[in-house]
Amino acid sequence: MPGRSLLEKIWDQHVIARLSEDTDLLHIDRHLLHDLGGSRGLLDLKSRGLKVHNPELTFATPDHALSTAPGRAGTSKIGMELLAALRVETAASGITLFDVDQPGQGIVHVIGPELGLSLPGATIVCGDSHTCTHGGLGALAFGIGSSELTHVLATQALIQKRPKTLRARFEGRLPLGVTAKDMILALIGHIGAAGGTGYAVEYAGSAIRALPIEGRLTICNLSIELGAKMGMVAPDETTFEFLRGRPYAPQGEMWDLAVKAWRELPSDPDAVFDREVVIDVEKIIPQVTWGISPEHVVGVDGVIPDPKAVDDPARRAAIETALEYMGLQGGAPIAGTPIDWVFIGSCTNSRLSDLRAAAEVARGRKVAAGVRAWVVPGSENVKREAVAEGLDKIFIEAGFEWREPGCSMCLAANGEVVGPGQRSVSTSNRNFVGRQGPRARTHLASPASAAASAIAGAIADVRMMGR
Amino acid sequence: MPKPFDKLTATAAPIMRSNIDTDVIIRIERLVGNGIRGTLGKWAFGSLRYLPDGSENPDFILNREPYRDAEILVTGPNFGCGSSREGAVWSLQERGIRAIIGSGFGDIFFANCFQNGILPIIIDKAMVDQLAADIEATQGAGKVSIDLEAQTIVSPSGARHSFEIDPRRREGLLKGLDEVALTLQRDDEIHAFQTADRTARPWIHSTRTPASRTSA
């Protein structure tokens, strides 16, 4: 019998009942709620006459619909209603809420790891597709829809079909100026936005092992942009050091017990994967998207694809549609494209290390005239730590706007939008049509690349900035 | 509880662009609020259906006869990728869509369809392309028939294709089963699992910590 993979080990530990050959009823260890869907789910449950099965395994925070302006000024009436409903319904159900301005509040996928709620070997769900982020700690984490959300509230369990397994191995040493964001964008460019559909992805290899946890979280965050709703990294000493002493991480004897169990989780050497991909990270250069799918990505020193040079009619048409929307010319270099906005934030890239990387580029420089640049920390704790280090001052002196934690301009559910036809370099995860606002044009990139672009006033290669 | 699905013969609209994401199916601002159900049909595919001035885009297929009344979509690769928003499925449902035929779907969107009694069918891309061509050859007048029990699709050309579907999901759709109610019948098993797991993995279950510990 072949060895078992990380996915199989975690999966098997959570089977409450086998429902068919490939479908199980799984126990859910952590359920995270946010303002957009949390109160709706709790109200749905109430309307069915049901109660939350395990409120102590359920945690909530507002992030999506909240304004990130100072003082939260500008949160819409409906955003305020959702916040009020989340407060009322979580209190009524005995669910811990990390509320506005309190340590613990923030983007759900930032606070889970930060608070030690997200643990290796745990099953974690949330009504948000970027729940795969938590896989960076060796958890089995995935996004669910509203119906499944209600199911988890009612039963603390979920019916799931066992996915196929894909191992993506990143090998080699990461070149200077190249980040976790560039690694995962390069993989998406390589296997496509549906390359991971139906799979749980395990990220492995020397370059993954060398990454700090925040980088692993960024990698796993974009699993869904690969089509995979689950992405994970095997837990190791880096994971344990990250979690030790976090508010909700186990302590004392329980910590020792947990670490002992977590050491058993990594895939066995002879584990078999349904698909395997190897990426040589030494060949990766900073990535930037040019189109309307994350697979529309090139190295920042590259050129925008020319549809005239593409034979396949479907692919040609797809490029033409993307270029028309983006207002770009095929065959032109991507670097130097003038921009209107820079957004540094989102569950992909709003953690302390992301802000440090951006601040390192911004320090002593100025945002180009005509560019609005926002920095939106991922959580109240990230904000406070960044302020304690003086990062806010570096950004403000450079002409960036320093904001309150939340999802902000990543999905534009809060009135924070890039204007029609305007062009943004964003550290978020989706360059979809209208994602950052109706007819907004989004280029995804790393925090360092985004900061470099803010200074240059155009899409820029951070490696040319001399730091 | 989802509406049961067994057979359907209806107008089908091919929307063949790759990677139509759930943001394109329904924009986020339509989903902010707890009273959105029932308001979403007219916003399905909003950015494709309407021009910037709010008028209908005559080039978009669902704005043309007879596709306006389509109950089936035939879609390009990776339809419904992106966000987990179930509002994408609700908006299609409210628009009258009951089945979607494509070569692949976003995983979460695919699961959300079943939760709402919408049948997503995966067949080979060549078959999807042929089906789309058959529909376009009749300018949409030729209907597509789906029989879930028999697992067949009949194209306007008369060509019959069979499709695979997970047997549990098939049964769920045919009977319109409510998964929450079904799982609650296993509540004893859930409690038994949790009791054993509290011993095996106590760190998962002891989550009540004093407020003073919440600052990282």
# chains A, B, ... in the order shown; residues from 1 in each chain; ligands from 1
call {"tool": "residues_around", "arguments": {"residues": "A:Asp63", "least_positions_apart": "3", "cutoff": "6 Å", "atoms": "only C-alpha atoms", "output": "PyMOL selection string"}}
result
chain A and resi 66+106-107+406-407
call {"tool": "write_last_selection", "arguments": {"atoms": "N, CA and C atoms", "output": "CSV table (one decimal), in the first residue's frame"}}
result
chain,number,residue,atom,x,y,z
A,66,LEU,N,-17.2,46.7,5.4
A,66,LEU,CA,-16.8,47.8,6.2
A,66,LEU,C,-15.9,48.8,5.5
A,106,GLY,N,-10.2,41.8,11.6
A,106,GLY,CA,-9.5,41.9,10.4
A,106,GLY,C,-10.0,41.0,9.3
A,107,ILE,N,-9.3,40.9,8.2
A,107,ILE,CA,-9.8,40.0,7.1
A,107,ILE,C,-9.7,38.6,7.7
A,406,GLY,N,-9.4,45.8,6.6
A,406,GLY,CA,-10.6,45.2,5.9
A,406,GLY,C,-10.2,44.8,4.5
A,407,CYS,N,-11.3,44.3,3.8
A,407,CYS,CA,-11.1,43.8,2.5
A,407,CYS,C,-10.9,44.9,1.4
call {"tool": "residues_around", "arguments": {"residues": "A:Thr123", "least_positions_apart": "5", "cutoff": "6 Å", "atoms": "only C-alpha atoms", "output": "VMD selection string"}}
result
chain A and resid 28 to 29 140 to 141
call {"tool": "closest_atom_pairs", "arguments": {"of": "stretch 92-195 of chain B", "to": "stretch 204-225 of chain A", "cutoff": "12 Å", "atoms": "only C-alpha atoms", "output": "CSV"}}
result
residue,atom,partner,partner_atom,distance
B:Gly106,CA,A:Ile224,CA,8.8
B:Asp107,CA,A:Ile224,CA,9.0
B:Ile108,CA,A:Ile224,CA,9.5
B:Phe109,CA,A:Ile224,CA,11.7
call {"tool": "write_last_selection", "arguments": {"atoms": "C-alpha atoms", "output": "PDB file, in the first residue's frame"}}
result
ATOM      1  CA  GLY B 106     -15.415  26.242 -10.726  1.00  0.00           C
ATOM      2  CA  ASP B 107     -15.481  23.694  -7.866  1.00  0.00           C
ATOM      3  CA  ILE B 108     -17.439  25.842  -5.408  1.00  0.00           C
ATOM      4  CA  PHE B 109     -19.901  27.107  -8.025  1.00  0.00           C
TER       5      PHE B 109
END
call {"tool": "closest_atom_pairs", "arguments": {"of": "chain A", "to": "chain B", "cutoff": "7 Å", "atoms": "only C-alpha atoms", "output": "CSV"}}
result
residue,atom,partner,partner_atom,distance
A:Ile16,CA,B:Phe193,CA,6.1
A:Asp29,CA,B:Ile204,CA,6.5
A:Leu36,CA,B:Val32,CA,6.3
A:Arg40,CA,B:Asn34,CA,5.6
A:Glu56,CA,B:Thr207,CA,6.3
A:Ile78,CA,B:Gly33,CA,6.1
A:Leu82,CA,B:Gly33,CA,6.5
A:Pro103,CA,B:Ser215,CA,5.3
A:Gly104,CA,B:Thr214,CA,6.2
A:Glu114,CA,B:Ala216,CA,6.6
A:Leu115,CA,B:Ala216,CA,6.1
A:Gly127,CA,B:Ser84,CA,6.7
A:Asp128,CA,B:Ser84,CA,5.5
A:Ser129,CA,B:Ser84,CA,4.9
A:Gly143,CA,B:Ser84,CA,6.3
A:Ile144,CA,B:Ser84,CA,6.0
A:Gly145,CA,B:Glu86,CA,5.2
A:Ser146,CA,B:Glu86,CA,5.8
A:Ser147,CA,B:Gln115,CA,6.4
A:His151,CA,B:Val180,CA,5.3
A:Thr155,CA,B:Leu184,CA,6.5
A:Ala194,CA,B:Asn78,CA,6.1
A:Thr197,CA,B:Asp107,CA,6.4
A:Gly198,CA,B:Asp107,CA,6.4
A:Ile224,CA,B:Gly82,CA,6.7
A:Glu225,CA,B:Gly82,CA,6.5
A:Gly227,CA,B:Gly106,CA,6.3
A:Lys229,CA,B:Asp107,CA,6.7
A:Arg246,CA,B:Ala216,CA,6.0
A:Pro247,CA,B:Arg213,CA,5.0
A:Tyr248,CA,B:Thr207,CA,6.5
A:Pro250,CA,B:Trp203,CA,5.6
A:Met254,CA,B:Trp203,CA,6.4
A:Ala258,CA,B:Trp203,CA,6.8
A:Asn381,CA,B:Ala216,CA,6.6
A:Ala413,CA,B:Glu29,CA,5.5
A:Val433,CA,B:Val24,CA,6.6
A:Arg435,CA,B:Asp23,CA,6.6
call {"tool": "select_by_dssp", "arguments": {"residues": "chain B", "states": "strand (DSSP E or B)", "output": "ChimeraX atom specification"}}
result
/B:7-10,12-15,21,50,56,72-75,79,81,99-102,105,119-122,144-147,152-154,160-162
call {"tool": "write_last_selection", "arguments": {"atoms": "N, CA and C atoms", "output": "CSV table (one decimal), in the first residue's frame"}}
result
chain,number,residue,atom,x,y,z
B,7,LYS,N,-36.6,16.0,-15.8
B,7,LYS,CA,-36.4,16.2,-17.2
B,7,LYS,C,-36.6,17.6,-17.6
B,8,LEU,N,-36.0,18.1,-18.6
B,8,LEU,CA,-36.1,19.4,-19.1
B,8,LEU,C,-35.9,19.5,-20.6
B,9,THR,N,-36.9,20.1,-21.3
B,9,THR,CA,-36.7,20.5,-22.7
B,9,THR,C,-36.9,22.0,-22.8
B,10,ALA,N,-35.8,22.7,-23.3
B,10,ALA,CA,-35.9,24.1,-23.2
B,10,ALA,C,-34.9,24.8,-24.2
B,12,ALA,N,-31.8,26.8,-25.2
B,12,ALA,CA,-30.4,26.8,-24.6
B,12,ALA,C,-29.6,27.9,-25.2
B,13,ALA,N,-28.9,28.6,-24.4
B,13,ALA,CA,-28.0,29.7,-24.9
B,13,ALA,C,-26.6,29.4,-24.7
B,14,PRO,N,-25.8,29.4,-25.8
B,14,PRO,CA,-24.4,29.2,-25.7
B,14,PRO,C,-23.6,30.5,-25.2
B,15,ILE,N,-22.9,30.4,-24.1
B,15,ILE,CA,-22.0,31.5,-23.7
B,15,ILE,C,-20.6,30.9,-23.6
B,21,ASP,N,-16.2,34.2,-14.6
B,21,ASP,CA,-16.1,34.1,-13.2
B,21,ASP,C,-17.4,34.5,-12.5
B,50,TYR,N,-25.8,44.7,-19.8
B,50,TYR,CA,-26.1,46.1,-19.9
B,50,TYR,C,-24.9,46.9,-20.3
B,56,GLU,N,-29.9,47.8,-22.4
B,56,GLU,CA,-29.4,46.4,-22.8
B,56,GLU,C,-28.4,46.4,-23.9
B,72,ILE,N,-31.5,26.8,-20.2
B,72,ILE,CA,-30.2,26.0,-20.2
B,72,ILE,C,-29.1,26.9,-20.7
B,73,LEU,N,-28.0,26.9,-20.1
B,73,LEU,CA,-26.8,27.6,-20.6
B,73,LEU,C,-25.8,26.5,-21.1
B,74,VAL,N,-25.2,26.8,-22.2
B,74,VAL,CA,-24.1,25.9,-22.7
B,74,VAL,C,-22.8,26.8,-22.6
B,75,THR,N,-21.8,26.4,-21.8
B,75,THR,CA,-20.8,27.3,-21.4
B,75,THR,C,-19.4,26.9,-21.8
B,79,PHE,N,-16.4,27.8,-16.4
B,79,PHE,CA,-17.5,28.7,-16.0
B,79,PHE,C,-17.7,28.6,-14.5
B,81,CYS,N,-15.8,30.1,-12.2
B,81,CYS,CA,-14.6,30.1,-11.4
B,81,CYS,C,-14.6,31.3,-10.5
B,99,ALA,N,-30.3,24.4,-15.9
B,99,ALA,CA,-29.2,23.5,-16.1
B,99,ALA,C,-28.1,24.2,-16.9
B,100,ILE,N,-26.9,23.8,-16.6
B,100,ILE,CA,-25.7,24.4,-17.3
B,100,ILE,C,-24.9,23.2,-17.8
B,101,ILE,N,-24.5,23.3,-19.1
B,101,ILE,CA,-23.7,22.3,-19.7
B,101,ILE,C,-22.4,22.8,-20.1
B,102,GLY,N,-21.3,22.3,-19.6
B,102,GLY,CA,-20.0,22.8,-20.0
B,102,GLY,C,-18.9,21.7,-19.8
B,105,PHE,N,-16.3,23.4,-14.5
B,105,PHE,CA,-16.9,24.5,-13.7
B,105,PHE,C,-16.0,24.8,-12.5
B,119,LEU,N,-28.9,21.9,-12.3
B,119,LEU,CA,-28.1,20.7,-12.7
B,119,LEU,C,-26.9,21.2,-13.6
B,120,PRO,N,-25.6,21.1,-13.0
B,120,PRO,CA,-24.5,21.4,-13.9
B,120,PRO,C,-24.0,20.1,-14.5
B,121,ILE,N,-23.8,20.0,-15.8
B,121,ILE,CA,-23.4,18.8,-16.5
B,121,ILE,C,-22.0,19.0,-17.1
B,122,ILE,N,-21.1,18.1,-16.8
B,122,ILE,CA,-19.8,18.1,-17.4
B,122,ILE,C,-19.7,17.1,-18.5
B,144,VAL,N,-33.0,21.9,-26.4
B,144,VAL,CA,-32.1,20.9,-25.9
B,144,VAL,C,-32.9,20.2,-24.8
B,145,SER,N,-32.8,18.8,-24.8
B,145,SER,CA,-33.5,18.0,-23.8
B,145,SER,C,-32.5,17.4,-22.9
B,146,ILE,N,-32.8,17.4,-21.6
B,146,ILE,CA,-32.0,16.8,-20.6
B,146,ILE,C,-32.8,15.8,-19.8
B,147,ASP,N,-32.3,14.6,-19.7
B,147,ASP,CA,-33.0,13.6,-18.9
B,147,ASP,C,-32.0,13.1,-17.8
B,152,THR,N,-28.9,11.6,-20.1
B,152,THR,CA,-28.7,11.9,-21.5
B,152,THR,C,-29.1,13.4,-21.8
B,153,ILE,N,-28.4,13.9,-22.8
B,153,ILE,CA,-28.7,15.2,-23.4
B,153,ILE,C,-29.0,15.0,-24.9
B,154,VAL,N,-30.1,15.6,-25.4
B,154,VAL,CA,-30.4,15.5,-26.8
B,154,VAL,C,-30.3,16.9,-27.4
B,160,ARG,N,-27.6,12.4,-29.5
B,160,ARG,CA,-27.8,12.1,-28.1
B,160,ARG,C,-26.4,11.9,-27.4
B,161,HIS,N,-26.2,12.6,-26.3
B,161,HIS,CA,-25.0,12.4,-25.5
B,161,HIS,C,-25.3,11.9,-24.2
B,162,SER,N,-24.5,11.0,-23.6
B,162,SER,CA,-24.7,10.6,-22.2
B,162,SER,C,-23.7,11.4,-21.4
call {"tool": "select_by_dssp", "arguments": {"residues": "stretch 21-215 of chain B", "states": "helix (DSSP H, G or I)", "output": "number ranges by chain"}}
result
B: 22-25, 28-31, 41-43, 46-49, 61-63, 67-69, 87-94, 107-115, 125-137, 167-175, 179-184, 187-200, 202-205, 211-213
call {"tool": "closest_residue", "arguments": {"among": "B:Ile165, B:Ile123, B:Ala137, B:Leu62", "to": "B:Ile97", "atoms": "only C-alpha atoms"}}
result
B:Leu62
call {"tool": "closest_residue", "arguments": {"among": "A:Asp101, A:Asp280, A:Glu389, A:Glu380", "to": "A:Ala186", "atoms": "only C-alpha atoms"}}
result
A:Asp280
call {"tool": "residues_around", "arguments": {"residues": "A:Ala17", "least_positions_apart": "2", "cutoff": "10 Å", "atoms": "only C-alpha atoms", "output": "PyMOL selection string"}}
result
(chain A and resi 14-15+19-20+23-27+159) or (chain B and resi 186+189-190+193)
call {"tool": "closest_residue", "arguments": {"among": "B:Leu177, B:Ala196, B:Val128, B:Ala70", "to": "B:Arg95", "atoms": "only C-alpha atoms"}}
result
B:Ala70
call {"tool": "atom_distance", "arguments": {"atom1": "atom CA of A:Arg162", "atom2": "atom CA of A:Glu8"}}
result
8.8 Å
call {"tool": "atom_distance", "arguments": {"atom1": "atom CA of A:Gly49", "atom2": "atom CA of A:Leu158"}}
result
19.3 Å
